[in-house]
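Trainee: For reference, the file coords34.txt (compact mmCIF, C-alpha atoms) is included below:
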```txt
# COMPACT_ATOMS: atom_id res chain seq x y z
CA MET Y 1 16.42 3.35 4.11
CA ASN Y 2 17.94 6.33 2.33
CA VAL Y 3 15.96 7.45 -0.73
CA LEU Y 4 17.25 9.93 -3.31
CA PHE Y 5 14.38 11.28 -5.41
CA ILE Y 6 15.12 13.12 -8.67
CA SER Y 7 12.26 15.03 -10.29
CA ASN Y 8 12.07 17.42 -13.21
CA GLU Y 9 8.54 18.80 -13.02
CA LEU Y 10 6.98 16.98 -10.03
CA ILE Y 11 5.29 14.19 -12.00
CA ALA Y 12 5.39 11.93 -8.95
CA ALA Y 13 7.07 14.03 -6.27
CA ASP Y 14 4.24 13.23 -3.85
CA LEU Y 15 5.87 9.81 -3.75
CA ALA Y 16 8.89 11.35 -2.00
CA TYR Y 17 6.50 12.61 0.69
CA GLN Y 18 4.94 9.14 0.95
CA PHE Y 19 8.41 7.63 1.50
CA LYS Y 20 9.05 10.11 4.28
CA LYS Y 21 5.78 9.15 5.97
CA GLU Y 22 6.87 5.51 5.75
CA GLY Y 23 9.96 6.39 7.83
CA CYS Y 24 12.58 6.64 5.07
CA ASN Y 25 15.33 9.25 4.97
CA VAL Y 26 14.47 11.23 1.83
CA LYS Y 27 16.32 13.86 -0.18
CA LEU Y 28 14.41 15.46 -3.05
CA PHE Y 29 16.04 17.16 -6.03
CA ILE Y 30 13.83 19.29 -8.32
CA GLU Y 31 15.50 20.24 -11.60
CA ASN Y 32 12.96 22.65 -13.08
CA LYS Y 33 13.52 26.08 -11.54
CA ASP Y 34 9.80 26.91 -11.71
CA PHE Y 35 9.13 24.23 -9.08
CA LYS Y 36 12.12 24.75 -6.77
CA ASP Y 37 10.01 25.92 -3.79
CA CYS Y 38 7.53 23.06 -4.00
CA PHE Y 39 7.61 20.62 -1.07
CA ASN Y 40 9.58 23.06 1.11
CA GLY Y 41 8.77 22.24 4.71
CA MET Y 42 7.59 18.78 3.70
CA VAL Y 43 10.71 16.82 2.68
CA ASN Y 44 14.45 17.49 2.79
CA LYS Y 45 15.77 18.99 -0.46
CA THR Y 46 19.13 18.88 -2.20
CA LYS Y 47 20.51 21.25 -4.85
CA ASN Y 48 22.81 18.65 -6.43
CA TRP Y 49 21.63 15.05 -6.55
CA LYS Y 50 24.95 13.73 -7.89
CA LYS Y 51 26.69 14.85 -4.69
CA GLU Y 52 24.22 12.68 -2.73
CA LEU Y 53 25.25 9.38 -4.34
CA ASN Y 54 27.60 8.54 -1.48
CA TRP Y 55 24.80 9.37 0.97
CA VAL Y 56 22.22 7.10 -0.69
CA GLY Y 57 24.83 4.40 -1.27
CA LYS Y 58 24.25 1.10 -3.01
CA ASN Y 59 21.80 -0.13 -0.40
CA GLY Y 60 19.52 2.88 -0.71
CA LEU Y 61 17.03 3.61 -3.47
CA ILE Y 62 17.32 6.16 -6.29
CA ILE Y 63 14.05 7.20 -7.97
CA PHE Y 64 13.59 9.19 -11.18
CA ASP Y 65 10.00 10.24 -11.81
CA ASP Y 66 10.33 11.54 -15.38
CA ILE Y 67 11.68 10.74 -18.81
CA GLY Y 68 14.94 12.35 -19.87
CA TYR Y 69 17.04 10.51 -17.29
CA GLY Y 70 16.93 7.05 -18.87
CA ASN Y 71 20.56 6.80 -19.96
CA ILE Y 72 21.64 8.09 -16.54
CA GLN Y 73 19.57 5.34 -14.92
CA ASP Y 74 21.18 2.68 -17.13
CA ASP Y 75 24.63 3.95 -16.15
CA LEU Y 76 23.84 4.03 -12.42
CA ARG Y 77 22.52 0.46 -12.52
CA GLN Y 78 25.70 -0.71 -14.21
CA LYS Y 79 27.63 0.87 -11.35
CA GLY Y 80 25.62 -1.12 -8.82
CA TYR Y 81 23.04 1.41 -7.61
CA LEU Y 82 19.42 0.44 -7.01
CA VAL Y 83 17.46 2.61 -9.43
CA ILE Y 84 13.81 2.74 -10.45
CA GLY Y 85 12.02 4.90 -12.99
CA GLY Y 86 12.67 3.56 -16.49
CA SER Y 87 15.59 3.17 -18.91
CA GLY Y 88 17.21 4.84 -21.89
CA ASP Y 89 15.03 2.87 -24.26
CA GLY Y 90 12.02 3.69 -22.07
CA ASP Y 91 12.61 7.40 -22.74
CA LYS Y 92 12.55 6.75 -26.48
CA LEU Y 93 9.36 4.66 -26.23
CA GLU Y 94 7.50 7.68 -24.88
CA LEU Y 95 9.24 10.66 -26.46
CA ASP Y 96 9.35 9.19 -29.96
CA ARG Y 97 5.77 8.04 -30.44
CA SER Y 98 6.52 6.60 -33.88
CA TYR Y 99 9.27 4.43 -32.36
CA GLY Y 100 6.94 3.35 -29.53
CA GLN Y 101 4.31 2.16 -31.98
CA ALA Y 102 6.94 0.45 -34.15
CA VAL Y 103 8.15 -1.48 -31.10
CA LEU Y 104 4.59 -2.50 -30.20
CA LYS Y 105 4.06 -3.70 -33.76
CA ALA Y 106 7.33 -5.66 -33.71
CA CYS Y 107 6.23 -7.29 -30.44
CA GLY Y 108 3.04 -8.55 -32.05
CA VAL Y 109 0.54 -5.84 -31.12
CA GLU Y 110 -1.93 -5.34 -33.97
CA ILE Y 111 -1.79 -1.77 -35.29
CA SER Y 112 -3.56 -0.84 -38.51
CA GLU Y 113 -1.58 1.20 -41.05
CA ASP Y 114 -4.20 3.96 -40.94
CA PHE Y 115 -3.64 4.41 -37.19
CA GLU Y 116 0.15 4.44 -37.15
CA THR Y 117 1.72 7.49 -35.50
CA ARG Y 118 3.88 9.55 -37.86
CA ALA Y 119 6.38 12.27 -36.95
CA PHE Y 120 6.55 15.55 -38.85
CA THR Y 121 7.90 19.06 -38.77
CA ILE Y 122 5.10 21.63 -38.71
CA GLU Y 123 5.63 22.34 -42.42
CA THR Y 124 5.52 18.68 -43.50
CA ALA Y 125 2.53 18.02 -41.21
CA ILE Y 126 0.56 20.76 -42.99
CA LYS Y 127 1.44 19.25 -46.38
CA HIS Y 128 0.41 15.78 -45.17
CA LEU Y 129 -2.97 17.02 -43.93
CA LYS Y 130 -3.70 18.84 -47.18
CA LYS Y 131 -3.02 15.61 -49.10
CA TYR Y 132 -4.68 13.14 -46.71
CA LYS Y 133 -7.81 14.84 -45.50
CA GLY Y 134 -9.77 13.64 -42.48
CA LYS Y 135 -9.94 14.00 -38.73
CA TRP Y 136 -6.50 13.82 -37.11
CA VAL Y 137 -5.02 14.01 -33.61
CA LEU Y 138 -2.07 16.40 -33.21
CA LYS Y 139 0.50 15.91 -30.45
CA HIS Y 140 3.96 17.19 -29.61
CA ASN Y 141 6.80 14.97 -28.42
CA HIS Y 142 7.01 16.39 -24.91
CA HIS Y 143 4.85 17.12 -21.84
CA ASN Y 144 3.27 20.36 -23.08
CA ASN Y 145 -0.23 18.94 -23.42
CA SER Y 146 -1.65 22.40 -24.04
CA LEU Y 147 -0.42 21.98 -27.63
CA THR Y 148 -2.39 18.75 -28.15
CA TYR Y 149 -5.46 19.02 -30.34
CA VAL Y 150 -8.10 16.49 -31.45
CA GLY Y 151 -9.50 17.31 -34.87
CA ASN Y 152 -13.23 17.65 -35.50
CA VAL Y 153 -13.46 18.92 -39.08
CA ASP Y 154 -13.81 16.26 -41.80
CA ASP Y 155 -11.18 17.74 -44.15
CA GLY Y 156 -8.59 18.41 -41.40
CA ALA Y 157 -8.83 22.19 -41.76
CA ASP Y 158 -8.98 22.79 -37.99
CA VAL Y 159 -5.76 20.82 -37.38
CA ILE Y 160 -4.04 22.72 -40.21
CA ASN Y 161 -5.21 25.94 -38.59
CA MET Y 162 -3.67 24.90 -35.26
CA LEU Y 163 -0.35 24.11 -36.94
CA VAL Y 164 -0.30 27.47 -38.74
CA ASN Y 165 -0.99 29.16 -35.40
CA TYR Y 166 1.83 27.23 -33.68
CA LYS Y 167 4.18 28.26 -36.46
CA LEU Y 168 3.38 31.90 -35.77
CA HIS Y 169 3.97 31.69 -32.02
CA LEU Y 170 6.65 29.03 -31.50
CA ASP Y 171 10.35 29.74 -31.94
CA GLY Y 172 12.61 27.36 -33.82
CA GLU Y 173 11.79 24.09 -35.55
CA HIS Y 174 9.23 21.95 -33.76
CA TYR Y 175 8.31 18.34 -34.34
CA CYS Y 176 4.85 16.90 -33.91
CA THR Y 177 3.00 13.65 -34.50
CA LEU Y 178 -0.22 12.96 -36.35
CA GLN Y 179 -2.52 10.04 -35.76
CA LYS Y 180 -5.85 9.27 -37.42
CA ARG Y 181 -8.73 9.96 -35.06
CA VAL Y 182 -10.75 6.91 -34.08
CA HIS Y 183 -13.85 6.71 -31.92
CA GLY Y 184 -14.40 4.40 -28.97
CA ILE Y 185 -13.67 4.05 -25.26
CA GLU Y 186 -10.36 5.40 -24.00
CA VAL Y 187 -8.82 3.10 -21.38
CA ALA Y 188 -5.23 2.44 -20.33
CA ILE Y 189 -3.53 -0.68 -19.03
CA GLY Y 190 -0.36 -0.40 -16.95
CA ARG Y 191 1.93 -2.45 -14.73
CA PHE Y 192 5.30 -2.28 -12.99
CA PHE Y 193 8.27 -4.16 -14.46
CA ASN Y 194 11.37 -5.29 -12.53
CA GLY Y 195 13.85 -5.76 -15.38
CA ASN Y 196 12.87 -9.35 -16.00
CA ASN Y 197 9.19 -9.77 -15.20
CA TRP Y 198 5.97 -8.01 -14.33
CA ALA Y 199 5.59 -6.92 -10.71
CA GLY Y 200 2.29 -6.38 -8.93
CA PRO Y 201 -1.21 -6.50 -10.42
CA LEU Y 202 -2.61 -5.05 -13.63
CA VAL Y 203 -3.51 -1.37 -13.37
CA PHE Y 204 -6.61 -0.36 -15.34
CA ASN Y 205 -7.05 3.40 -15.54
CA ILE Y 206 -9.23 5.85 -17.40
CA GLU Y 207 -7.80 9.34 -17.78
CA HIS Y 208 -9.88 12.50 -17.83
CA LYS Y 209 -7.90 14.98 -19.89
CA HIS Y 210 -10.30 17.74 -20.83
CA PHE Y 211 -10.56 20.93 -18.86
CA CYS Y 212 -14.33 20.85 -18.38
CA ASN Y 213 -17.04 18.35 -17.49
CA ASP Y 214 -18.33 16.05 -20.25
CA ASP Y 215 -14.95 16.26 -22.01
CA ILE Y 216 -15.51 19.83 -23.16
CA GLY Y 217 -12.76 22.40 -23.60
CA PRO Y 218 -8.99 22.20 -24.09
CA LEU Y 219 -6.94 19.18 -23.08
CA GLY Y 220 -5.33 19.81 -19.71
CA GLY Y 221 -2.94 16.97 -19.03
CA GLU Y 222 -4.73 15.00 -16.34
CA THR Y 223 -7.77 16.44 -14.58
CA GLY Y 224 -8.90 13.19 -13.02
CA THR Y 225 -8.40 9.42 -13.03
CA LEU Y 226 -10.55 6.35 -12.47
CA MET Y 227 -8.48 3.29 -11.50
CA TRP Y 228 -8.78 -0.29 -10.34
CA TYR Y 229 -6.34 -3.17 -9.85
CA GLU Y 230 -6.77 -6.68 -11.24
CA HIS Y 231 -4.75 -9.83 -10.52
CA ASP Y 232 -6.03 -11.87 -13.49
CA GLU Y 233 -3.34 -11.69 -16.19
CA ASN Y 234 -5.73 -13.24 -18.72
CA LYS Y 235 -7.67 -10.00 -19.12
CA LYS Y 236 -7.95 -9.35 -22.85
CA LEU Y 237 -6.80 -5.73 -22.78
CA PHE Y 238 -3.53 -6.76 -21.10
CA GLN Y 239 -2.90 -9.79 -23.30
CA LYS Y 240 -3.59 -7.93 -26.54
CA THR Y 241 -1.31 -4.99 -25.72
CA LEU Y 242 1.01 -4.54 -22.74
CA ALA Y 243 1.81 -8.24 -22.14
CA LYS Y 244 3.43 -8.46 -25.57
CA LEU Y 245 5.96 -5.78 -24.60
CA LYS Y 246 7.69 -8.02 -22.02
CA PRO Y 247 10.62 -9.26 -24.20
CA HIS Y 248 11.44 -5.70 -25.24
CA LEU Y 249 11.41 -4.45 -21.64
CA GLN Y 250 13.67 -7.33 -20.61
CA LYS Y 251 16.14 -6.40 -23.34
CA SER Y 252 16.45 -2.83 -22.03
CA ASN Y 253 16.45 -3.84 -18.33
CA TYR Y 254 13.47 -1.55 -17.78
CA ARG Y 255 12.58 -1.02 -14.12
CA GLY Y 256 9.53 1.06 -13.35
CA TYR Y 257 5.94 1.65 -14.37
CA VAL Y 258 4.79 1.36 -17.98
CA ASP Y 259 1.37 2.09 -19.41
CA ILE Y 260 -0.38 1.91 -22.80
CA ASN Y 261 -3.31 4.22 -23.44
CA CYS Y 262 -5.79 2.66 -25.87
CA ILE Y 263 -9.02 3.26 -27.73
CA VAL Y 264 -11.31 0.23 -27.64
CA ALA Y 265 -13.66 0.40 -30.63
CA ASP Y 266 -15.62 -2.88 -30.35
CA LYS Y 267 -15.21 -6.48 -29.16
CA ASP Y 268 -12.42 -7.15 -31.65
CA THR Y 269 -10.60 -3.86 -32.11
CA VAL Y 270 -8.18 -1.98 -29.87
CA PHE Y 271 -6.02 0.96 -30.99
CA PRO Y 272 -2.86 1.43 -28.81
CA MET Y 273 -2.29 5.19 -28.89
CA GLU Y 274 0.87 5.82 -26.90
CA LEU Y 275 3.23 4.50 -24.26
CA THR Y 276 3.97 6.16 -20.93
CA SER Y 277 7.26 4.77 -19.63
CA ARG Y 278 7.57 6.49 -16.23
CA PHE Y 279 5.51 7.29 -13.16
CA GLY Y 280 2.30 9.14 -14.03
CA THR Y 281 0.14 12.00 -12.79
CA SER Y 282 -2.41 11.41 -11.32
CA THR Y 283 -1.68 7.69 -11.74
CA ASN Y 284 0.88 7.76 -8.94
CA GLU Y 285 -1.41 9.58 -6.51
CA MET Y 286 -4.17 7.08 -7.21
CA GLN Y 287 -1.77 4.17 -6.68
CA SER Y 288 -0.83 5.59 -3.27
CA GLU Y 289 -4.52 5.43 -2.39
CA ILE Y 290 -5.13 1.87 -3.63
CA GLN Y 291 -1.92 0.16 -2.50
CA GLU Y 292 -1.78 -1.16 1.05
CA SER Y 293 1.81 -2.47 0.90
CA PRO Y 294 4.51 0.13 1.63
CA TRP Y 295 5.91 1.89 -1.43
CA SER Y 296 9.40 1.52 0.02
CA GLU Y 297 9.19 -2.29 0.07
CA PHE Y 298 7.53 -2.57 -3.34
CA LEU Y 299 9.84 -0.25 -5.27
CA LEU Y 300 12.98 -1.59 -3.57
CA ALA Y 301 12.01 -5.10 -4.70
CA ILE Y 302 11.49 -3.87 -8.27
CA ALA Y 303 14.86 -2.06 -8.27
CA LYS Y 304 16.48 -5.33 -7.11
CA GLY Y 305 14.67 -7.33 -9.78
CA GLU Y 306 12.73 -9.33 -7.19
CA ASP Y 307 9.14 -10.56 -7.07
CA TYR Y 308 6.76 -8.88 -4.63
CA GLU Y 309 3.22 -9.76 -3.57
CA LEU Y 310 1.53 -6.37 -3.49
CA LYS Y 311 -1.48 -5.94 -1.21
CA TYR Y 312 -4.13 -3.53 -2.41
CA LYS Y 313 -7.68 -2.36 -1.84
CA LYS Y 314 -10.45 -3.89 -3.92
CA GLY Y 315 -12.93 -1.65 -5.69
CA TYR Y 316 -12.63 1.54 -7.70
CA GLY Y 317 -10.43 4.54 -7.05
CA ILE Y 318 -11.03 8.14 -8.06
CA ALA Y 319 -8.47 10.97 -8.23
CA VAL Y 320 -9.50 14.56 -8.92
CA ALA Y 321 -7.02 17.34 -9.71
CA VAL Y 322 -7.64 20.61 -7.87
CA THR Y 323 -6.10 23.36 -9.97
CA VAL Y 324 -5.77 27.16 -10.24
CA PRO Y 325 -4.78 29.52 -13.10
CA PRO Y 326 -2.88 29.41 -15.41
CA PHE Y 327 -3.82 25.72 -15.72
CA PRO Y 328 -4.36 24.17 -18.25
CA TYR Y 329 -1.82 26.35 -20.07
CA ILE Y 330 1.90 26.83 -19.61
CA THR Y 331 2.81 30.51 -19.68
CA SER Y 332 5.60 32.82 -18.56
CA ASP Y 333 3.06 35.52 -17.62
CA LYS Y 334 3.52 35.69 -13.84
CA LYS Y 335 0.42 37.86 -13.45
CA LEU Y 336 -1.66 34.71 -13.94
CA SER Y 337 0.19 32.77 -11.26
CA GLN Y 338 -1.49 31.97 -7.94
CA LYS Y 339 1.88 31.28 -6.32
CA GLY Y 340 1.82 32.37 -2.66
CA CYS Y 341 -1.93 31.88 -2.16
CA ASN Y 342 -3.01 30.13 1.02
CA ILE Y 343 -4.76 26.77 1.03
CA PHE Y 344 -7.63 27.04 3.49
CA PHE Y 345 -9.64 24.32 5.21
CA LYS Y 346 -13.26 24.94 6.21
CA GLU Y 347 -12.77 22.73 9.26
CA LYS Y 348 -9.90 20.96 10.99
CA LEU Y 349 -9.02 17.94 8.87
CA SER Y 350 -8.36 14.58 10.46
CA LYS Y 351 -5.21 12.53 9.99
CA GLU Y 352 -7.31 10.23 7.79
CA ASP Y 353 -8.38 13.18 5.61
CA PHE Y 354 -4.76 14.05 4.89
CA THR Y 355 -4.05 10.51 3.62
CA HIS Y 356 -6.38 11.32 0.72
CA ILE Y 357 -4.66 14.64 -0.14
CA HIS Y 358 -1.66 14.46 -2.46
CA PHE Y 359 0.31 17.66 -2.89
CA GLU Y 360 2.15 18.86 -5.96
CA GLU Y 361 2.77 22.62 -6.23
CA VAL Y 362 2.62 23.21 -2.49
CA LEU Y 363 4.93 24.24 0.36
CA VAL Y 364 4.40 24.23 4.11
CA ARG Y 365 5.40 26.91 6.62
CA LYS Y 366 5.23 26.47 10.38
CA GLU Y 367 3.47 29.61 11.64
CA LYS Y 368 2.19 30.22 15.17
CA GLY Y 369 2.63 26.57 16.04
CA LYS Y 370 0.73 25.11 13.10
CA ASP Y 371 1.40 24.06 9.51
CA ASN Y 372 0.12 26.47 6.87
CA TYR Y 373 -0.07 25.36 3.25
CA TYR Y 374 0.67 27.62 0.25
CA VAL Y 375 0.58 27.32 -3.53
CA ALA Y 376 4.23 27.13 -4.59
CA GLY Y 377 4.36 26.63 -8.37
CA ASP Y 378 3.33 28.54 -11.47
CA THR Y 379 1.48 25.94 -13.58
CA GLY Y 380 -1.59 25.55 -11.36
CA TYR Y 381 -1.40 21.83 -10.51
CA VAL Y 382 -1.90 22.28 -6.75
CA LEU Y 383 -3.08 18.93 -5.36
CA TYR Y 384 -5.11 15.77 -5.94
CA ILE Y 385 -7.84 14.24 -3.81
CA THR Y 386 -8.22 10.45 -3.90
CA GLY Y 387 -10.62 7.85 -2.58
CA VAL Y 388 -11.59 4.19 -3.02
CA GLY Y 389 -14.99 2.53 -2.74
CA ASP Y 390 -16.80 -0.70 -3.58
CA THR Y 391 -18.50 1.28 -6.32
CA VAL Y 392 -17.51 4.31 -8.34
CA HIS Y 393 -20.31 6.28 -6.66
CA LYS Y 394 -18.90 5.56 -3.17
CA ALA Y 395 -15.43 6.63 -4.27
CA ARG Y 396 -16.87 9.82 -5.73
CA GLU Y 397 -18.75 10.63 -2.51
CA GLN Y 398 -15.53 10.29 -0.53
CA VAL Y 399 -13.48 12.46 -2.89
CA TYR Y 400 -15.94 15.26 -3.48
CA GLY Y 401 -16.90 15.34 0.19
CA LEU Y 402 -13.27 16.10 1.04
CA ILE Y 403 -12.85 18.65 -1.77
CA ASP Y 404 -15.80 20.54 -0.29
CA LYS Y 405 -13.69 21.15 2.84
CA ILE Y 406 -10.88 22.88 0.88
CA ILE Y 407 -10.69 26.49 -0.32
CA ILE Y 408 -7.95 27.81 -2.62
CA PRO Y 409 -8.52 31.19 -4.26
CA LYS Y 410 -9.64 30.67 -7.89
CA MET Y 411 -9.59 26.87 -7.55
CA PHE Y 412 -11.49 24.71 -10.01
CA TYR Y 413 -11.92 21.01 -10.76
CA ARG Y 414 -14.07 18.60 -12.71
CA THR Y 415 -17.14 17.27 -10.91
CA ASP Y 416 -17.87 14.34 -13.24
CA VAL Y 417 -14.82 12.10 -12.84
CA GLY Y 418 -15.92 8.47 -13.20
CA LEU Y 419 -19.47 9.17 -14.39
CA ARG Y 420 -18.87 8.30 -18.05
CA PHE Y 421 -17.59 4.89 -16.92
CA VAL Y 422 -20.69 4.28 -14.79
CA LYS Y 423 -23.18 5.44 -17.44
CA LYS Y 424 -21.71 3.72 -20.48
CA ASP Y 425 -18.09 2.56 -20.64
CA HIS Y 426 -18.12 -0.15 -17.97
CA LYS Y 427 -21.06 -1.97 -19.58
CA LEU Y 428 -19.52 -1.95 -23.05
CA LEU Y 429 -16.00 -2.93 -21.93
CA LYS Y 430 -17.49 -5.86 -20.00
CA GLU Y 431 -19.75 -6.97 -22.88
CA TRP Y 432 -16.83 -6.82 -25.30
CA GLY Y 433 -14.63 -8.82 -22.90
CA TRP Y 434 -11.79 -6.30 -22.50
CA ILE Y 435 -11.91 -6.01 -18.68
```
Here is a file; write its structure as structure tokens.
Mentor:
Amino acid sequence: MNVLFISNELIAADLAYQFKKEGCNVKLFIENKDFKDCFNGMVNKTKNWKKELNWVGKNGLIIFDDIGYGNIQDDLRQKGYLVIGGSGDGDKLELDRSYGQAVLKACGVEISEDFETRAFTIETAIKHLKKYKGKWVLKHNHHNNSLTYVGNVDDGADVINMLVNYKLHLDGEHYCTLQKRVHGIEVAIGRFFNGNNWAGPLVFNIEHKHFCNDDIGPLGGETGTLMWYEHDENKKLFQKTLAKLKPHLQKSNYRGYVDINCIVADKDTVFPMELTSRFGTSTNEMQSEIQESPWSEFLLAIAKGEDYELKYKKGYGIAVAVTVPPFPYITSDKKLSQKGCNIFFKEKLSKEDFTHIHFEEVLVRKEKGKDNYYVAGDTGYVLYITGVGDTVHKAREQVYGLIDKIIIPKMFYRTDVGLRFVKKDHKLLKEWGWI
């Protein structure tokens, strides 16, 4: 099968590599110039994906791994192409957080007025915080997670300070969202949708977003993920949140993965924070570890609007991001970039070892008869290591044992992925009946 993969900033570009390993003919287009060299030597690349439409044809598969292409996907589907990734409305669900929450509310998801997401300019956000004091969560309507901040001061002064600082350093008018901070267990529920119905099992996942262990330091996108699959659709977290979105997804002919990140406060209360209507990082890498059925079969069925019985590993999966500077920040200062650094292995890795390594900002060069791996991007997201075990501890042993075999100059990673779940969260989520 021919597969045309369109990526902006490599959110799920490892999936293109997985398709190649499954025997598909793959062409990868990377739009963001900062990532153009990534995956060189690993998959075939194209400089103009639109010129490849005749090549992929209407029997091949077109994949978009990011928001921003939703209307294009809608148009291609109307022309008869098999497309997966999202929809025009799906883009709005994620980019416009206020709209996403309004849709959830209209679909019957309970959202308290105090927790509703509101959009502001920086100026109006500052005025709002001065009037309505308290702890607030500040986010921007795009992928620059380095601008996200969770307030800790009771009168909101720290969030106001962040906004004043942004105003000094950001050009032009910027929009942000504010959401009242609530305390509880952060857990997400996701699932694939085929335009008419859910496809595959429920996907429970717990993101690790902070830079340092024990959730200390700045938010860094995704530094690790704990994940498990569940076939029972009656699970309370699914029924109270994502399941209610089905009629809306049908209306927009959404085809792809969708996820709601939530805060569970007690046995009766869940706060849906935001929708992710696309493939995710490191969600996708973790799914490649857990799923036993071929991606090519599964995603082709979804693009066609067909049912598919997905086979998957039981147990818990762990993904850990291995990063280098300038992560977790986005900067144009090339002096901080590790681009061009070698990726070293302390010993020769087995074929099995490489199934647990998922590359992102990496290229491969054939040198002296062997493949050599190099850092290829500027943001510092180099690769992810994944593993699955009957218990979280077994998955952790597998992942961290493999990380110990890898050396990248200035590399760093969290060493506590999954531990909070083992020590506290699993017990409470079970007792409260959410999982």
Trainee: Find the residue from Y:Lys405, Y:Leu363, Y:Phe64, Y:Ser332 that sits nearest to Gly280 in chain Y; use only C-alpha atoms when measuring.
Mentor: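 Once distances to Gly280 in chain Y are computed over only C-alpha atoms, the minimum belongs to Y:Phe64.
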Trainee: For range 256-267 of chain Y, find every residue with an atom within 7 Å (counting only C-alpha atoms), except residues of its own chain fewer than 6 positions away, and show them as a PyMOL selection string.
Mentor: chain Y and resi 84-86+183-194+242+273-279+432-433
Trainee: Any idea what's packed within 8 Å of Lys311 in chain Y, counting only C-alpha atoms, ignoring anything in its chain fewer than 2 positions away? Could you give it as a VMD selection string?
Mentor: chain Y and resid 291 to 293 309 313
Trainee: In Å to one decimal, how far is CA of Phe421 in chain Y from CA of His140 in chain Y?
Mentor: 27.9 Å
Trainee: Between Y:Phe211, Y:Tyr69, Y:Phe327, Y:Phe120, which residue has the minimum interatomic distance to Lys410 in chain Y, considering all atoms listed in the file?
Mentor: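 When distances to Lys410 in chain Y are compared using all atoms listed in the file, the smallest one comes from Y:Phe327.
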Trainee: Using only C-alpha atoms, which residue out of Y:Phe19, Y:Trp228, Y:Trp136, Y:Tyr99 lies closest to Val203 in chain Y?
Mentor: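 Of all the options, Y:Trp228 lies closest to Val203 in chain Y.
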Trainee: Have a look at CA of Val422 in chain Y and CA of Ala321 in chain Y and let me know their distance in Å, one decimal.
Mentor: 19.6 Å
Trainee: Which residues are close to Asn54 in chain Y, i.e. within 12 Å by all atoms listed in the file, leaving aside same-chain residues fewer than 6 positions away? Reply as a compact mmCIF listing (two decimals) with C-alpha atoms, keeping the file's coordinate frame.
Mentor:
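File produced: around-v8.txt:
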```
# COMPACT_ATOMS: atom_id res chain seq x y z
CA ASN Y 2 17.94 6.33 2.33
CA VAL Y 3 15.96 7.45 -0.73
CA LEU Y 4 17.25 9.93 -3.31
CA GLY Y 60 19.52 2.88 -0.71
CA LEU Y 61 17.03 3.61 -3.47
CA ILE Y 62 17.32 6.16 -6.29
CA TYR Y 81 23.04 1.41 -7.61
```
Trainee: As an exercise, work out the distance from CA of Asn44 in chain Y to CA of Gly195 in chain Y in Å and give it to one decimal place.
Mentor: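 Interatomic distance here is 29.5 Å.
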Trainee: Excluding Thr331 in chain Y and residues on its chain fewer than 3 positions from it, collect all residues at most 9 Å away from it, counting all atoms listed in the file, and give them as a count of residues only.
Mentor: 5
Trainee: Counting all atoms listed in the file, find residues at most 8 Å from (14.2, 13.2, -1.6) (file frame) and give them as a PDB file with C-alpha atoms, in the frame of the given file.
Mentor:
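point.pdb written:
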```pdb
ATOM      1  CA  VAL Y   3      15.960   7.450  -0.730  1.00  0.00           C
ATOM      2  CA  LEU Y   4      17.250   9.930  -3.310  1.00  0.00           C
ATOM      3  CA  PHE Y   5      14.380  11.280  -5.410  1.00  0.00           C
ATOM      4  CA  ILE Y   6      15.120  13.120  -8.670  1.00  0.00           C
ATOM      5  CA  ALA Y  16       8.890  11.350  -2.000  1.00  0.00           C
ATOM      6  CA  ASN Y  25      15.330   9.250   4.970  1.00  0.00           C
ATOM      7  CA  VAL Y  26      14.470  11.230   1.830  1.00  0.00           C
ATOM      8  CA  LYS Y  27      16.320  13.860  -0.180  1.00  0.00           C
ATOM      9  CA  LEU Y  28      14.410  15.460  -3.050  1.00  0.00           C
ATOM     10  CA  PHE Y  29      16.040  17.160  -6.030  1.00  0.00           C
ATOM     11  CA  VAL Y  43      10.710  16.820   2.680  1.00  0.00           C
ATOM     12  CA  ASN Y  44      14.450  17.490   2.790  1.00  0.00           C
ATOM     13  CA  LYS Y  45      15.770  18.990  -0.460  1.00  0.00           C
ATOM     14  CA  THR Y  46      19.130  18.880  -2.200  1.00  0.00           C
TER      15      THR Y  46
END
```
Trainee: Restricting the calculation to all atoms listed in the file, which member of Y:Lys346, Y:Arg77, Y:Arg118, Y:Lys235 is positioned closest to Asp96 in chain Y?
Mentor: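 Distance minimum relative to Asp96 in chain Y lands on Y:Arg118.
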Trainee: Near Cys107 in chain Y, counting only C-alpha atoms, which residues have an atom at most 8 Å away, once you skip same-chain residues fewer than 5 positions from it, shown as a ChimeraX atom specification?
Mentor: /Y:244-245,247-248
Trainee: For Ile385 in chain Y, which residue among Y:Thr223, Y:Gln73, Y:Asn196, Y:Asn8 is the nearest when counting all atoms listed in the file?
Mentor: Y:Thr223
Trainee: Using all atoms listed in the file, which residue out of Y:Leu226, Y:Asn152, Y:His356, Y:Gly41 lies closest to Lys370 in chain Y?
Mentor: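 That would be Y:Gly41, the residue with the smallest distance to Lys370 in chain Y.
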